[in-house]
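These notes concern the structure reproduced below.
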Amino acid sequence: MEISVEQAAELRELVNSRDVPADIATRVRIVLWSGEGRRRKDIAELLGVSLPTVDRWKTRYAERGVAGLEGDRPGGPREQVPARVRACVIALTRMTPPDGTGLSHWSTRELAKYLKRTENISVSWHYIARIWREQSLKPHRSGTFKISKDPAFAAKVADVIGLYLAPPGGAVVLSIDEKTQIQALDRTQPVLPVAFAASEKRTADYVRHGTTNLFAALNVATGEVLGECKPTRNGKDFLAFLKKAVKPHAGKEIHVVLDNLSTHTTAEVKEWLVKNPHVHFHFTPIGSSWLNQIEIWFGILTRQSIRRSTPSSVNVLIKQIRDYINSWNENAKPFTWTATAGEVLAKVRLVATNVRKLVNNNSNWH
């Protein structure tokens with residue numbers, strides 16, 4: 001029987017909880033140990049149950065998840081929770097906890113306590129957790145958003161996306177930006193590598209050896225990346241990298257997509273653009289650097305190389321980044337951009353409308 005890492009974590013939490021009845025904890029152990037690869041015979045002996053019992057709860061979990069482990073209580077059917085209570089749980093979960101609770105978000109236990117204290121509704125945190133699973137509610141998670149206030153937002157979106165979907169014939173489109181202050185974080189003790197049935201482990205504390213700034217240019221048509229690490233990030237550094245990025249494409253029209261950093265519009269950069277009219281800048285809207293394809297690549301670089309690295313110095317970090325770029329370019333492929341400008345603008349309008357509704361609803365609730 002196979003279970004995911006998330007399922008295993010949930011099962012361990014139930015096993016270690018003091019609020020879980022012993023019979024349910026036994027069923028949870030059956031599923032958890034089966035997922036770890038233990039033989040059903042060994043599980044039955046350790047828990048003092050029969051082989052059919054092991055098979056029954058494995059099947060119930062496969063069919064219904066954790067809810068299936070609750071089983072059927074003796075002494076008649078369980079009392080049904082009124083629909084009004086279920087609706088109340090769902091409604092409260094979809095709102096920020098009210099002022100005065102001191103909570104930033106709901107947990108199953110805190111919501112159960114709040115219902116008892118304010119509505120005199122008695123439900124277990126297991127019941128609330130089951131509703132959250134059924135409704136895919138995850139109030140413990142948070143995300144980020146930012147709506148651009150650029151007055152030329154629509155025009156800039158159309159300009160940049162137009163380069164992605166229909167670049168000028170014979171021209172080169174480069175996506176350029178800087179990933180700043182990349183830290184060379186080493187650990188105070190050696191990292192324990194991946195081993196059989198064990199994930200990589202590292203100490204929580206670290207040693208900071210310094211930082212570097214990565215200048216990178218993505219060729220939108222080929223997916224190839226040119227990168228260079230520098231100790232500083234200013235207009236002079238940017239211009240030097242820009243010259244290096246456009247040099248391989250001499251004789252062609254070059255369109256550069258970049259964001260609104262002040263280092264991109266210094267007097268020296270503007271003077272250089274006047275002398276090189278074949279290079280054209282296209283700025284993403286203010287607060288919308290996500291339109292720049294190099295940001296997608298920065299995310300991949302972070303996940304696959306930087307985040308779990310333990311460089312012993314800045315030079316080691318720089319070498320690792322160079323190695324990653326070289327490896328990427330060996331089998332470089334362009335990103336497939338499919339969203340049209342109209343689709344992006346429509347989605348942004350919808351998000352802005354939903355944000356206003358959420359803010360108003362929470363204001364009324366508080």
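Following the order of the structure tokens, first chain is A, next is B, and so on, with residues numbered from 1 inside each chain and ligands from 1 in the order they appear.
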
Sorted by chain and rising residue number, which residues of segment 148-263 of chain A lie within 9 Å of segment 338-355 of chain A, and what are their closest atom pairs and distances in Å to one decimal, counting only C-alpha atoms, as a tab-separated table?
residue	atom	partner	partner_atom	distance
A:Phe153	CA	A:Leu345	CA	8.9
A:Ala154	CA	A:Leu345	CA	6.9
A:Val157	CA	A:Ala341	CA	6.1
A:Ala158	CA	A:Ala341	CA	5.1
A:Asp159	CA	A:Ala341	CA	8.6
A:Val160	CA	A:Ala341	CA	8.7
A:Ile161	CA	A:Ala341	CA	6.1
A:Gly162	CA	A:Ala341	CA	7.6
A:Tyr164	CA	A:Thr338	CA	8.9
A:Leu165	CA	A:Thr338	CA	7.6

Discussion item. Please report the interatomic distance between atom CA of Ser289 of chain A and atom CA of Thr263 of chain A in Å with one decimal.
Written reply: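 Taking atom CA of Ser289 of chain A as the start and atom CA of Thr263 of chain A as the end point, the length is 14.9 Å.
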
Discussion item. Residues of segment 54-104 of chain A classed as alpha helix (DSSP H) by DSSP on the backbone are to be reported as a list in words.
Written reply: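 Reading the DSSP output for segment 54-104 of chain A, alpha helix (DSSP H) covers Val54, Asp55, Arg56, Trp57, Lys58, Thr59, Arg60, Tyr61, Ala62, Glu63, Arg64, Ala83, Arg84, Val85, Arg86, Ala87, Cys88, Val89, Ile90, Ala91, Leu92 and Thr93 of chain A.
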
Could you write out that same residue set with N, CA, C and O atoms as a PDB file, in the first residue's frame?
ATOM      1  N   VAL A  54      -6.713  -6.039   9.496  1.00  0.00           N
ATOM      2  CA  VAL A  54      -5.707  -5.237   8.786  1.00  0.00           C
ATOM      3  C   VAL A  54      -6.195  -4.909   7.383  1.00  0.00           C
ATOM      4  O   VAL A  54      -6.145  -3.750   6.929  1.00  0.00           O
ATOM      5  N   ASP A  55      -6.707  -5.899   6.689  1.00  0.00           N
ATOM      6  CA  ASP A  55      -7.181  -5.696   5.312  1.00  0.00           C
ATOM      7  C   ASP A  55      -8.368  -4.739   5.274  1.00  0.00           C
ATOM      8  O   ASP A  55      -8.480  -3.907   4.366  1.00  0.00           O
ATOM      9  N   ARG A  56      -9.269  -4.858   6.268  1.00  0.00           N
ATOM     10  CA  ARG A  56     -10.478  -4.028   6.263  1.00  0.00           C
ATOM     11  C   ARG A  56     -10.131  -2.550   6.337  1.00  0.00           C
ATOM     12  O   ARG A  56     -10.641  -1.743   5.558  1.00  0.00           O
ATOM     13  N   TRP A  57      -9.230  -2.179   7.282  1.00  0.00           N
ATOM     14  CA  TRP A  57      -8.961  -0.755   7.451  1.00  0.00           C
ATOM     15  C   TRP A  57      -8.058  -0.200   6.370  1.00  0.00           C
ATOM     16  O   TRP A  57      -8.135   0.988   6.046  1.00  0.00           O
ATOM     17  N   LYS A  58      -7.230  -1.023   5.758  1.00  0.00           N
ATOM     18  CA  LYS A  58      -6.474  -0.561   4.596  1.00  0.00           C
ATOM     19  C   LYS A  58      -7.429  -0.238   3.448  1.00  0.00           C
ATOM     20  O   LYS A  58      -7.285   0.769   2.765  1.00  0.00           O
ATOM     21  N   THR A  59      -8.424  -1.112   3.264  1.00  0.00           N
ATOM     22  CA  THR A  59      -9.405  -0.887   2.195  1.00  0.00           C
ATOM     23  C   THR A  59     -10.253   0.347   2.478  1.00  0.00           C
ATOM     24  O   THR A  59     -10.510   1.161   1.581  1.00  0.00           O
ATOM     25  N   ARG A  60     -10.684   0.501   3.738  1.00  0.00           N
ATOM     26  CA  ARG A  60     -11.518   1.646   4.078  1.00  0.00           C
ATOM     27  C   ARG A  60     -10.755   2.957   3.871  1.00  0.00           C
ATOM     28  O   ARG A  60     -11.317   3.952   3.398  1.00  0.00           O
ATOM     29  N   TYR A  61      -9.480   2.960   4.200  1.00  0.00           N
ATOM     30  CA  TYR A  61      -8.685   4.172   4.000  1.00  0.00           C
ATOM     31  C   TYR A  61      -8.508   4.461   2.511  1.00  0.00           C
ATOM     32  O   TYR A  61      -8.582   5.621   2.080  1.00  0.00           O
ATOM     33  N   ALA A  62      -8.265   3.429   1.723  1.00  0.00           N
ATOM     34  CA  ALA A  62      -8.087   3.621   0.280  1.00  0.00           C
ATOM     35  C   ALA A  62      -9.353   4.189  -0.351  1.00  0.00           C
ATOM     36  O   ALA A  62      -9.292   4.959  -1.312  1.00  0.00           O
ATOM     37  N   GLU A  63     -10.519   3.810   0.190  1.00  0.00           N
ATOM     38  CA  GLU A  63     -11.794   4.241  -0.391  1.00  0.00           C
ATOM     39  C   GLU A  63     -12.225   5.622   0.096  1.00  0.00           C
ATOM     40  O   GLU A  63     -12.748   6.421  -0.674  1.00  0.00           O
ATOM     41  N   ARG A  64     -11.995   5.904   1.402  1.00  0.00           N
ATOM     42  CA  ARG A  64     -12.583   7.111   1.978  1.00  0.00           C
ATOM     43  C   ARG A  64     -11.589   8.004   2.709  1.00  0.00           C
ATOM     44  O   ARG A  64     -11.976   9.023   3.270  1.00  0.00           O
ATOM     45  N   ALA A  83     -27.327  20.469   9.291  1.00  0.00           N
ATOM     46  CA  ALA A  83     -26.755  21.156   8.128  1.00  0.00           C
ATOM     47  C   ALA A  83     -26.360  22.584   8.467  1.00  0.00           C
ATOM     48  O   ALA A  83     -25.400  23.133   7.915  1.00  0.00           O
ATOM     49  N   ARG A  84     -27.091  23.200   9.410  1.00  0.00           N
ATOM     50  CA  ARG A  84     -26.783  24.571   9.809  1.00  0.00           C
ATOM     51  C   ARG A  84     -25.384  24.667  10.408  1.00  0.00           C
ATOM     52  O   ARG A  84     -24.651  25.632  10.176  1.00  0.00           O
ATOM     53  N   VAL A  85     -24.997  23.655  11.191  1.00  0.00           N
ATOM     54  CA  VAL A  85     -23.678  23.651  11.813  1.00  0.00           C
ATOM     55  C   VAL A  85     -22.592  23.504  10.750  1.00  0.00           C
ATOM     56  O   VAL A  85     -21.573  24.201  10.780  1.00  0.00           O
ATOM     57  N   ARG A  86     -22.825  22.606   9.821  1.00  0.00           N
ATOM     58  CA  ARG A  86     -21.857  22.413   8.732  1.00  0.00           C
ATOM     59  C   ARG A  86     -21.668  23.713   7.952  1.00  0.00           C
ATOM     60  O   ARG A  86     -20.541  24.107   7.645  1.00  0.00           O
ATOM     61  N   ALA A  87     -22.777  24.389   7.635  1.00  0.00           N
ATOM     62  CA  ALA A  87     -22.701  25.647   6.891  1.00  0.00           C
ATOM     63  C   ALA A  87     -21.957  26.707   7.684  1.00  0.00           C
ATOM     64  O   ALA A  87     -21.188  27.506   7.121  1.00  0.00           O
ATOM     65  N   CYS A  88     -22.154  26.701   9.008  1.00  0.00           N
ATOM     66  CA  CYS A  88     -21.470  27.674   9.861  1.00  0.00           C
ATOM     67  C   CYS A  88     -19.966  27.433   9.856  1.00  0.00           C
ATOM     68  O   CYS A  88     -19.178  28.380   9.780  1.00  0.00           O
ATOM     69  N   VAL A  89     -19.549  26.168   9.925  1.00  0.00           N
ATOM     70  CA  VAL A  89     -18.126  25.830   9.893  1.00  0.00           C
ATOM     71  C   VAL A  89     -17.504  26.304   8.589  1.00  0.00           C
ATOM     72  O   VAL A  89     -16.425  26.919   8.573  1.00  0.00           O
ATOM     73  N   ILE A  90     -18.165  26.035   7.467  1.00  0.00           N
ATOM     74  CA  ILE A  90     -17.629  26.424   6.160  1.00  0.00           C
ATOM     75  C   ILE A  90     -17.538  27.940   6.033  1.00  0.00           C
ATOM     76  O   ILE A  90     -16.538  28.488   5.566  1.00  0.00           O
ATOM     77  N   ALA A  91     -18.595  28.641   6.475  1.00  0.00           N
ATOM     78  CA  ALA A  91     -18.610  30.097   6.363  1.00  0.00           C
ATOM     79  C   ALA A  91     -17.506  30.734   7.195  1.00  0.00           C
ATOM     80  O   ALA A  91     -16.795  31.640   6.729  1.00  0.00           O
ATOM     81  N   LEU A  92     -17.335  30.267   8.445  1.00  0.00           N
ATOM     82  CA  LEU A  92     -16.299  30.839   9.300  1.00  0.00           C
ATOM     83  C   LEU A  92     -14.903  30.544   8.760  1.00  0.00           C
ATOM     84  O   LEU A  92     -14.001  31.387   8.847  1.00  0.00           O
ATOM     85  N   THR A  93     -14.720  29.353   8.215  1.00  0.00           N
ATOM     86  CA  THR A  93     -13.405  28.982   7.686  1.00  0.00           C
ATOM     87  C   THR A  93     -12.999  29.907   6.556  1.00  0.00           C
ATOM     88  O   THR A  93     -11.813  30.204   6.370  1.00  0.00           O
TER      89      THR A  93
END

Fill in: A:Arg303, A:Arg308, A:Trp33, A:Val269 ranked by distance to Pro193 of chain A, top pick (using only C-alpha atoms)
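Of the candidates, the smallest distance to Pro193 of chain A is held by A:Arg308.
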